[in-house]
>>> print(open('structure16.cif').read())   # mmCIF, C-alpha atoms
data_coords
#
loop_
_atom_site.label_atom_id
_atom_site.label_comp_id
_atom_site.auth_asym_id
_atom_site.auth_seq_id
_atom_site.Cartn_x
_atom_site.Cartn_y
_atom_site.Cartn_z
CA MET A 1 35.66 4.30 16.04
CA GLU A 2 34.59 6.11 12.93
CA ILE A 3 32.13 4.41 10.59
CA PRO A 4 33.74 4.30 7.13
CA TYR A 5 32.20 5.49 3.87
CA THR A 6 29.22 7.41 5.29
CA VAL A 7 29.89 10.27 2.88
CA GLU A 8 32.65 9.42 0.45
CA PRO A 9 32.00 6.52 -1.95
CA ARG A 10 33.68 3.19 -1.33
CA PRO A 11 36.24 2.62 -4.12
CA ASP A 12 34.98 -0.84 -5.16
CA THR A 13 31.22 -0.09 -5.19
CA GLY A 14 31.32 3.60 -6.04
CA LEU A 15 28.64 4.18 -3.40
CA TYR A 16 28.49 5.18 0.26
CA ASN A 17 27.77 2.14 2.43
CA ALA A 18 24.28 3.10 3.61
CA LYS A 19 23.07 3.21 0.02
CA VAL A 20 24.25 -0.34 -0.68
CA GLY A 21 22.66 -1.36 2.62
CA ILE A 22 19.26 0.12 1.88
CA TRP A 23 19.15 -1.44 -1.60
CA LEU A 24 19.98 -4.86 -0.16
CA PHE A 25 17.23 -4.33 2.40
CA LEU A 26 14.78 -3.28 -0.33
CA ALA A 27 15.73 -6.41 -2.28
CA SER A 28 14.63 -8.51 0.72
CA GLU A 29 11.45 -6.42 0.94
CA VAL A 30 10.66 -7.19 -2.70
CA MET A 31 10.80 -10.88 -1.86
CA LEU A 32 8.64 -10.40 1.26
CA PHE A 33 5.88 -8.60 -0.61
CA GLY A 34 6.46 -10.86 -3.63
CA ALA A 35 5.65 -13.89 -1.45
CA LEU A 36 2.40 -12.24 -0.34
CA PHE A 37 1.50 -11.17 -3.89
CA SER A 38 2.09 -14.72 -5.10
CA SER A 39 -0.17 -15.93 -2.24
CA TYR A 40 -2.80 -13.52 -3.49
CA ILE A 41 -2.52 -14.97 -7.00
CA MET A 42 -2.81 -18.53 -5.69
CA LEU A 43 -5.82 -17.71 -3.55
CA ARG A 44 -7.56 -15.78 -6.29
CA VAL A 45 -6.93 -18.33 -9.05
CA GLY A 46 -8.02 -21.15 -6.75
CA SER A 47 -11.25 -19.52 -5.57
CA LEU A 48 -14.64 -20.16 -7.15
CA SER A 49 -15.69 -16.51 -6.82
CA TRP A 50 -13.84 -13.32 -5.95
CA PRO A 51 -15.70 -10.33 -4.43
CA HIS A 52 -15.82 -6.96 -6.20
CA GLY A 53 -16.86 -3.61 -4.83
CA LEU A 54 -16.23 -4.55 -1.22
CA LEU A 55 -13.87 -1.61 -0.74
CA ASN A 56 -14.55 2.08 -1.16
CA VAL A 57 -12.79 3.11 -4.41
CA PRO A 58 -12.94 6.93 -3.86
CA ILE A 59 -11.32 6.56 -0.43
CA GLY A 60 -8.67 4.23 -1.87
CA THR A 61 -8.01 6.74 -4.68
CA VAL A 62 -7.60 9.59 -2.19
CA ASN A 63 -5.14 7.49 -0.20
CA THR A 64 -3.18 6.74 -3.38
CA VAL A 65 -2.96 10.48 -4.12
CA VAL A 66 -1.85 11.11 -0.52
CA LEU A 67 0.98 8.57 -0.84
CA ILE A 68 2.07 9.82 -4.27
CA THR A 69 2.14 13.39 -2.92
CA SER A 70 4.29 12.24 0.02
CA SER A 71 6.68 10.67 -2.47
CA ILE A 72 7.36 14.00 -4.14
CA THR A 73 7.66 15.91 -0.86
CA VAL A 74 10.27 13.41 0.36
CA VAL A 75 12.38 13.80 -2.78
CA LEU A 76 12.01 17.61 -2.61
CA ALA A 77 13.18 17.49 1.02
CA TRP A 78 16.36 15.73 -0.11
CA ALA A 79 16.82 18.16 -3.03
CA SER A 80 16.49 21.08 -0.57
CA LEU A 81 19.37 19.70 1.49
CA LYS A 82 21.43 19.33 -1.68
CA LEU A 83 20.78 23.04 -2.30
CA HIS A 84 21.72 23.82 1.35
CA ASN A 85 18.22 25.08 2.10
CA PHE A 86 17.54 23.61 5.54
CA SER A 87 14.30 25.50 6.27
CA ARG A 88 12.82 24.22 2.98
CA PHE A 89 13.90 20.70 3.98
CA LYS A 90 12.02 21.05 7.27
CA LEU A 91 8.91 22.17 5.39
CA TYR A 92 8.90 19.27 2.89
CA GLN A 93 9.89 16.67 5.47
CA GLY A 94 7.11 17.94 7.78
CA CYS A 95 4.62 17.67 4.90
CA THR A 96 5.74 14.08 4.27
CA ILE A 97 5.15 13.13 7.91
CA LEU A 98 1.70 14.75 7.88
CA LEU A 99 0.81 12.93 4.66
CA ALA A 100 1.99 9.64 6.16
CA MET A 101 -0.25 10.24 9.18
CA THR A 102 -3.15 11.10 6.87
CA PHE A 103 -2.63 7.81 5.00
CA VAL A 104 -2.68 5.80 8.23
CA MET A 105 -5.78 7.64 9.50
CA ILE A 106 -7.67 6.96 6.26
CA LYS A 107 -6.59 3.31 6.42
CA SER A 108 -7.79 3.12 10.03
CA TYR A 109 -11.16 4.52 8.98
CA GLU A 110 -11.40 1.83 6.29
CA TYR A 111 -10.50 -0.90 8.79
CA HIS A 112 -13.07 0.44 11.27
CA ASP A 113 -15.68 0.38 8.50
CA LYS A 114 -14.97 -3.30 7.88
CA PHE A 115 -15.10 -4.24 11.57
CA THR A 116 -18.51 -2.55 11.93
CA HIS A 117 -19.98 -4.08 8.74
CA TYR A 118 -21.69 -7.41 9.38
CA TYR A 119 -22.77 -10.62 7.76
CA VAL A 120 -25.81 -12.27 9.34
CA ARG A 121 -27.20 -15.73 8.53
CA MET A 122 -30.58 -16.55 10.00
CA VAL A 123 -31.69 -19.93 11.29
CA ASP A 124 -34.02 -20.22 8.27
CA GLY A 125 -31.00 -19.77 5.92
CA THR A 126 -31.63 -16.18 4.77
CA GLU A 127 -28.58 -13.95 4.69
CA HIS A 128 -28.08 -10.21 5.24
CA THR A 129 -25.17 -7.79 5.19
CA GLY A 130 -25.28 -4.37 6.79
CA HIS A 131 -24.66 -2.47 9.99
CA VAL A 132 -25.81 -3.05 13.55
CA GLU A 133 -27.32 0.03 15.21
CA GLY A 134 -24.78 1.78 17.41
CA SER A 135 -21.93 0.57 15.14
CA PRO A 136 -20.42 -1.92 17.62
CA MET A 137 -17.05 -3.30 16.58
CA ASN A 138 -16.45 -6.96 15.97
CA LEU A 139 -19.70 -8.29 17.42
CA SER A 140 -20.26 -12.05 17.36
CA LEU A 141 -23.02 -14.50 18.23
CA ALA A 142 -20.91 -15.68 21.19
CA LYS A 143 -20.87 -12.13 22.56
CA LEU A 144 -24.63 -11.73 22.08
CA THR A 145 -25.38 -15.00 23.88
CA ASN A 146 -22.89 -14.43 26.69
CA PRO A 147 -24.82 -15.62 29.81
CA LYS A 148 -23.47 -12.68 31.85
CA HIS A 149 -24.75 -10.05 29.43
CA PRO A 150 -27.26 -11.71 27.07
CA VAL A 151 -28.65 -9.56 24.24
CA THR A 152 -32.09 -10.66 23.08
CA SER A 153 -32.18 -8.69 19.81
CA ILE A 154 -30.22 -6.33 17.58
CA THR A 155 -31.39 -3.54 15.30
CA PHE A 156 -29.96 -4.18 11.86
CA HIS A 157 -29.68 -1.83 8.87
CA ALA A 158 -29.28 -4.11 5.85
CA ASP A 159 -27.37 -3.03 2.73
CA ALA A 160 -29.58 -2.39 -0.27
CA PRO A 161 -29.46 -5.51 -2.49
CA ALA A 162 -27.71 -3.93 -5.48
CA ALA A 163 -25.52 -1.53 -3.54
CA GLU A 164 -21.82 -2.09 -3.34
CA HIS A 165 -20.35 -1.44 0.03
CA GLY A 166 -18.93 2.03 0.26
CA ALA A 167 -20.15 5.60 0.21
CA THR A 168 -23.27 4.72 -1.71
CA ALA A 169 -24.06 1.69 0.42
CA HIS A 170 -24.42 3.75 3.58
CA ALA A 171 -26.96 5.97 1.85
CA ALA A 172 -28.65 2.93 0.37
CA HIS A 173 -29.31 1.23 3.72
CA GLY A 174 -32.85 0.02 4.02
CA GLU A 175 -35.15 0.57 6.98
CA ALA A 176 -34.05 -0.77 10.34
CA MET A 177 -35.19 -4.30 11.25
CA VAL A 178 -35.12 -5.89 14.65
CA ILE A 179 -33.54 -9.36 14.64
CA GLU A 180 -33.95 -11.68 17.60
CA THR A 181 -30.70 -13.28 18.70
CA SER A 182 -32.35 -16.72 18.86
CA LYS A 183 -33.03 -16.51 15.11
CA ILE A 184 -29.37 -15.85 14.18
CA SER A 185 -27.18 -18.82 13.27
CA LYS A 186 -24.08 -16.81 12.30
CA LEU A 187 -22.95 -13.25 12.91
CA GLU A 188 -19.52 -11.92 12.00
CA SER A 189 -17.93 -8.65 10.96
CA PHE A 190 -16.06 -8.20 7.67
CA GLY A 191 -12.74 -8.89 9.39
CA PRO A 192 -9.97 -11.13 8.00
CA TRP A 193 -11.90 -14.24 9.17
CA HIS A 194 -14.88 -13.46 6.94
CA SER A 195 -13.41 -14.49 3.58
CA THR A 196 -10.20 -15.36 1.76
CA TYR A 197 -10.29 -11.99 0.02
CA LEU A 198 -10.50 -10.06 3.31
CA ALA A 199 -7.79 -12.27 4.84
CA ILE A 200 -5.29 -11.36 2.11
CA TYR A 201 -6.56 -7.74 2.07
CA PHE A 202 -5.84 -7.26 5.78
CA THR A 203 -2.51 -9.11 5.54
CA LEU A 204 -1.21 -7.07 2.60
CA THR A 205 -2.51 -3.67 3.68
CA GLY A 206 -1.64 -4.33 7.33
CA LEU A 207 1.99 -5.12 6.49
CA HIS A 208 2.10 -2.10 4.18
CA ALA A 209 0.64 0.16 6.90
CA LEU A 210 3.35 -1.06 9.31
CA HIS A 211 5.94 0.01 6.72
CA VAL A 212 4.27 3.44 6.45
CA ILE A 213 4.34 3.86 10.25
CA GLY A 214 7.98 2.70 10.45
CA GLY A 215 9.05 5.03 7.64
CA ALA A 216 7.17 7.96 9.18
CA LEU A 217 8.92 7.40 12.54
CA VAL A 218 12.35 7.47 10.88
CA MET A 219 11.47 10.61 8.91
CA ALA A 220 10.10 12.25 12.06
CA PHE A 221 13.45 11.55 13.74
CA PHE A 222 15.32 13.24 10.87
CA TRP A 223 12.87 16.14 11.02
CA GLY A 224 13.32 16.55 14.79
CA PRO A 225 16.24 15.43 16.98
CA GLY A 226 18.18 13.75 14.16
CA SER A 227 18.42 17.01 12.21
CA LYS A 228 21.12 18.28 14.59
CA MET A 229 23.58 16.40 12.40
CA TRP A 230 23.01 19.00 9.66
CA LYS A 231 25.19 21.45 11.62
CA SER A 232 28.07 19.04 12.23
CA GLU A 233 27.99 16.70 9.20
CA PRO A 234 25.68 18.10 6.50
CA GLU A 235 26.66 15.64 3.77
CA ARG A 236 26.20 12.62 6.01
CA PHE A 237 22.80 13.94 7.09
CA THR A 238 21.80 14.47 3.44
CA ASN A 239 22.75 10.85 2.71
CA ARG A 240 20.66 9.65 5.65
CA VAL A 241 17.66 11.55 4.31
CA GLU A 242 18.26 10.05 0.86
CA VAL A 243 18.30 6.52 2.29
CA SER A 244 15.06 7.05 4.25
CA GLY A 245 13.57 8.54 1.07
CA LEU A 246 14.47 5.41 -0.92
CA PHE A 247 12.58 3.31 1.62
CA TRP A 248 9.62 5.68 1.40
CA HIS A 249 9.50 5.43 -2.40
CA PHE A 250 9.48 1.66 -2.09
CA VAL A 251 6.46 1.87 0.23
CA ASP A 252 4.77 4.05 -2.41
CA LEU A 253 5.74 1.56 -5.11
CA VAL A 254 4.12 -1.34 -3.26
CA TRP A 255 0.89 0.67 -2.87
CA ILE A 256 0.87 1.42 -6.62
CA PHE A 257 0.26 -2.33 -7.13
CA LEU A 258 -1.87 -2.92 -4.04
CA PHE A 259 -4.44 -0.29 -4.99
CA PRO A 260 -5.60 -1.76 -8.33
CA VAL A 261 -5.18 -5.37 -7.18
CA LEU A 262 -7.33 -4.97 -4.05
CA TYR A 263 -9.69 -2.09 -4.85
CA LEU A 264 -10.31 -2.21 -8.59
CA LEU A 265 -9.88 -5.71 -9.97
CA MET B 1 28.41 22.81 -4.14
CA ASP B 2 29.27 24.63 -7.36
CA ASN B 3 26.78 26.32 -9.67
CA HIS B 4 26.76 23.35 -12.04
CA ASP B 5 25.64 20.95 -9.30
CA ALA B 6 22.97 23.38 -8.05
CA GLN B 7 21.63 23.73 -11.58
CA HIS B 8 21.60 19.95 -11.94
CA ILE B 9 19.44 19.63 -8.77
CA ARG B 10 17.07 22.36 -9.99
CA ASP B 11 16.66 20.59 -13.34
CA ALA B 12 16.01 17.31 -11.52
CA THR B 13 13.41 19.02 -9.32
CA ARG B 14 11.52 20.10 -12.44
CA LYS B 15 11.53 16.46 -13.58
CA TYR B 16 10.16 15.36 -10.21
CA ILE B 17 7.18 17.69 -10.67
CA TYR B 18 6.48 16.22 -14.14
CA VAL B 19 6.70 12.69 -12.73
CA PHE B 20 4.33 13.66 -9.91
CA VAL B 21 1.76 14.95 -12.42
CA ALA B 22 2.19 11.79 -14.52
CA LEU B 23 1.60 9.63 -11.43
CA LEU B 24 -1.60 11.52 -10.59
CA LEU B 25 -2.83 11.12 -14.17
CA GLY B 26 -1.88 7.44 -14.07
CA THR B 27 -3.96 6.97 -10.93
CA ILE B 28 -7.01 8.62 -12.51
CA ILE B 29 -6.62 6.56 -15.70
CA THR B 30 -6.28 3.34 -13.65
CA VAL B 31 -9.54 4.06 -11.81
CA LEU B 32 -11.43 5.05 -14.98
CA ALA B 33 -10.09 2.07 -16.96
CA SER B 34 -11.29 -0.32 -14.26
CA TYR B 35 -14.89 0.72 -15.00
CA VAL B 36 -14.56 0.17 -18.77
CA PRO B 37 -16.36 -3.07 -19.77
CA TRP B 38 -13.59 -4.61 -21.90
CA GLY B 39 -15.62 -7.79 -22.17
CA ASN B 40 -13.15 -9.89 -20.26
CA ARG B 41 -11.91 -9.33 -16.71
CA THR B 42 -8.45 -10.54 -17.74
CA VAL B 43 -8.17 -7.47 -20.00
CA ASN B 44 -9.12 -5.21 -17.06
CA ILE B 45 -6.42 -6.86 -14.94
CA GLY B 46 -3.87 -6.52 -17.76
CA VAL B 47 -4.65 -2.82 -18.33
CA ALA B 48 -4.50 -1.97 -14.60
CA LEU B 49 -1.22 -3.82 -14.11
CA PHE B 50 0.27 -2.23 -17.25
CA ILE B 51 -0.51 1.28 -15.94
CA ALA B 52 0.76 0.30 -12.47
CA SER B 53 4.02 -0.90 -14.07
CA ILE B 54 4.49 2.46 -15.84
CA LYS B 55 3.87 4.28 -12.55
CA ALA B 56 6.33 1.95 -10.78
CA PHE B 57 8.94 2.67 -13.49
CA LEU B 58 8.48 6.44 -12.96
CA VAL B 59 8.85 6.16 -9.18
CA ALA B 60 11.85 3.80 -9.34
CA GLY B 61 13.49 5.54 -12.32
CA TYR B 62 13.19 9.18 -11.26
CA PHE B 63 12.35 9.43 -7.54
CA MET B 64 14.74 6.58 -6.68
CA HIS B 65 17.26 7.71 -9.36
CA LEU B 66 17.52 4.27 -10.91
CA ILE B 67 17.94 5.66 -14.43
CA SER B 68 21.40 6.91 -13.46
CA GLU B 69 22.66 4.58 -10.73
CA LYS B 70 25.91 2.70 -10.20
CA LYS B 71 26.44 -0.84 -11.53
CA MET B 72 26.37 -2.29 -8.02
CA ILE B 73 22.71 -1.27 -7.57
CA TYR B 74 21.77 -2.72 -10.97
CA GLY B 75 23.47 -5.96 -9.91
CA ILE B 76 21.42 -6.15 -6.70
CA LEU B 77 18.24 -5.42 -8.67
CA ALA B 78 19.05 -8.01 -11.34
CA ALA B 79 19.47 -10.69 -8.64
CA THR B 80 16.19 -9.58 -7.02
CA GLY B 81 14.42 -9.66 -10.38
CA PHE B 82 15.72 -13.18 -11.02
CA PHE B 83 14.44 -14.54 -7.71
CA PHE B 84 11.15 -12.61 -7.96
CA ALA B 85 10.55 -14.01 -11.46
CA GLY B 86 11.39 -17.49 -10.13
CA LEU B 87 8.87 -17.06 -7.31
CA MET B 88 6.12 -16.08 -9.74
CA ALA B 89 7.10 -18.84 -12.19
CA LEU B 90 6.79 -21.43 -9.41
CA ILE B 91 3.30 -20.13 -8.65
CA LEU B 92 2.24 -20.40 -12.30
CA TRP B 93 3.87 -23.82 -12.59
CA SER B 94 2.08 -25.00 -9.47
CA ASN B 95 -1.21 -23.65 -10.76
CA ALA B 96 -0.78 -25.42 -14.09
CA ASP B 97 -0.31 -28.65 -12.07
CA HIS B 98 1.66 -30.54 -14.73
CA VAL B 99 2.19 -33.58 -12.51
CA SER B 100 -1.55 -34.23 -12.16
CA ASN B 101 -1.99 -33.70 -15.90
CA ILE B 102 0.58 -36.40 -16.67
CA PHE B 103 -1.28 -39.01 -14.67
CA ASN B 104 -4.78 -37.97 -15.75
#
>>> encode(input="structure16.cif", output="structure tokens")
Amino acid sequence: MEIPYTVEPRPDTGLYNAKVGIWLFLASEVMLFGALFSSYIMLRVGSLSWPHGLLNVPIGTVNTVVLITSSITVVLAWASLKLHNFSRFKLYQGCTILLAMTFVMIKSYEYHDKFTHYYVRMVDGTEHTGHVEGSPMNLSLAKLTNPKHPVTSITFHADAPAAEHGATAHAAHGEAMVIETSKISKLESFGPWHSTYLAIYFTLTGLHALHVIGGALVMAFFWGPGSKMWKSEPERFTNRVEVSGLFWHFVDLVWIFLFPVLYLL
Amino acid sequence: MDNHDAQHIRDATRKYIYVFVALLLGTIITVLASYVPWGNRTVNIGVALFIASIKAFLVAGYFMHLISEKKMIYGILAATGFFFAGLMALILWSNADHVSNIFN
């Protein structure tokens, strides 16, 4: 059975079906992210204090540029197909996939940085933030006091008092101090459990990163095995690339709001 | 594809480059503006969201071709905008907590 209106527009809508489909899907996506953005507003308005400078702004800016650049390469890939230049399409689509991978790698680095950054509260009530020597991920007091592998002390590099966490904070780390495990009352990494801000940060950016990965997989398919369709049905293939591009632009659009909301404000 | 269509795509491609440059500039301005001490954090939030809205308009309008789409798409977007606005209005309404204010 042949799928109708994959190339020619449907008389009542004036559009090929996949285009209507992707816009309906994007409408549902707006509501999904809208719900999370409204959660962010509620949490922020209801909190007594909201952290600033917890994320690395230069890295976030670079990732924004990466995503914006991928947005133009994806539209140029589609324009190349419209001009019947398949080799140029392969080039731009390949660039888009590489940029998507770069975005995810940078995001992973940021996540890793958070899971190796620690908050320590001592028994006497003093508090420290910084890094544990050896950069272990997601350490906890329960792990340190595990009877099978008890750890008596950790070497801790505290953040400089005035330093914001980020590129400067690493350089601003003070001298190493040895902390005995028995003197620690709380130890946790800057994961989503650490604060309301980090909970909504990981939720929003995690969902967004999943969209980036999903979009990249679809575009990789059109770059590789899916591109065979260009020989048999070039117009249908061009429409498929346009639809995947619309999704990609939406992912970019969401990041345009996530970046200032989470990194700058 | 006739020559007219090809020329149309080439003209559009030039626009995409301009939009790309505008988006990069917008990103730089957003970062710089966030460091300006406006005196009130609400102003910082307003400025950043205003610039983000312009960038979003450029992406949606030109990269997603919304400035020259069919009525059907505008209809879908209008419905989405209505429900999105409703969602945000409910949040603001909830935050204002009118019911508690009546009894206080």
>>> resolve_selection(input="structure16.cif", expression="the PyMOL selection byres ((chain B) within 9 of (chain A))", output="PyMOL selection string")
chain B and resi 1+5-6+9-10+12-13+16-17+19-20+23-24+27-28+30-31+34-35+41+44-45+48-49+52-53+55-56+59-60+63-64+70-73+76-77+79-81+83-84+87-88+91-92+94-95
>>> atom_distance(input="structure16.cif", atom1="CA of Ser153 in chain A", atom2="CA of Ser182 in chain A")
8.1 Å
>>> atom_distance(input="structure16.cif", atom1="CA of Ser244 in chain A", atom2="CA of Val218 in chain A")
7.2 Å
>>> resolve_selection(input="structure16.cif", expression="the PyMOL selection byres ((chain A and resi 234) around 12)", output="ChimeraX atom specification")
/A:6-7,78,80-86,226-233,235-241 /B:1
>>> write_last_selection(input="structure16.cif", atoms="C-alpha atoms", output="PDB file, in the frame of the given file")
ATOM      1  CA  THR A   6      29.220   7.410   5.290  1.00  0.00           C
ATOM      2  CA  VAL A   7      29.890  10.270   2.880  1.00  0.00           C
ATOM      3  CA  TRP A  78      16.360  15.730  -0.110  1.00  0.00           C
ATOM      4  CA  SER A  80      16.490  21.080  -0.570  1.00  0.00           C
ATOM      5  CA  LEU A  81      19.370  19.700   1.490  1.00  0.00           C
ATOM      6  CA  LYS A  82      21.430  19.330  -1.680  1.00  0.00           C
ATOM      7  CA  LEU A  83      20.780  23.040  -2.300  1.00  0.00           C
ATOM      8  CA  HIS A  84      21.720  23.820   1.350  1.00  0.00           C
ATOM      9  CA  ASN A  85      18.220  25.080   2.100  1.00  0.00           C
ATOM     10  CA  PHE A  86      17.540  23.610   5.540  1.00  0.00           C
ATOM     11  CA  GLY A 226      18.180  13.750  14.160  1.00  0.00           C
ATOM     12  CA  SER A 227      18.420  17.010  12.210  1.00  0.00           C
ATOM     13  CA  LYS A 228      21.120  18.280  14.590  1.00  0.00           C
ATOM     14  CA  MET A 229      23.580  16.400  12.400  1.00  0.00           C
ATOM     15  CA  TRP A 230      23.010  19.000   9.660  1.00  0.00           C
ATOM     16  CA  LYS A 231      25.190  21.450  11.620  1.00  0.00           C
ATOM     17  CA  SER A 232      28.070  19.040  12.230  1.00  0.00           C
ATOM     18  CA  GLU A 233      27.990  16.700   9.200  1.00  0.00           C
ATOM     19  CA  GLU A 235      26.660  15.640   3.770  1.00  0.00           C
ATOM     20  CA  ARG A 236      26.200  12.620   6.010  1.00  0.00           C
ATOM     21  CA  PHE A 237      22.800  13.940   7.090  1.00  0.00           C
ATOM     22  CA  THR A 238      21.800  14.470   3.440  1.00  0.00           C
ATOM     23  CA  ASN A 239      22.750  10.850   2.710  1.00  0.00           C
ATOM     24  CA  ARG A 240      20.660   9.650   5.650  1.00  0.00           C
ATOM     25  CA  VAL A 241      17.660  11.550   4.310  1.00  0.00           C
TER      26      VAL A 241
ATOM     27  CA  MET B   1      28.410  22.810  -4.140  1.00  0.00           C
TER      28      MET B   1
END
>>> resolve_selection(input="structure16.cif", expression="the PyMOL selection byres ((chain A and resi 102) around 12)", output="list in words")
Ile59, Val62, Asn63, Thr64, Val65, Val66, Leu67, Thr69, Ser70, Cys95, Thr96, Ile97, Leu98, Leu99, Ala100, Met101, Phe103, Val104, Met105, Ile106, Lys107, Ser108, Tyr109, Ala209, Val212, Ile213 and Ala216 of chain A
>>> atom_distance(input="structure16.cif", atom1="CA of Leu204 in chain A", atom2="CA of Tyr40 in chain A")
9.0 Å
>>> closest_residue(input="structure16.cif", among="A:Val123, A:Leu187, A:Val132, A:Leu139", to="Glu175 in chain A", atoms="only C-alpha atoms")
A:Val132
>>> residues_around(input="structure16.cif", residues="Tyr111 in chain A", least_positions_apart="5", cutoff="12 Å", atoms="only C-alpha atoms", output="PyMOL selection string")
chain A and resi 55-56+59-60+104-106+116-117+137-138+189-192+198+201-203+205-206+209
>>> closest_residue(input="structure16.cif", among="B:Val47, B:Tyr62, B:Asp2, B:Gly86", to="Ile29 in chain B", atoms="all atoms listed in the file")
B:Val47
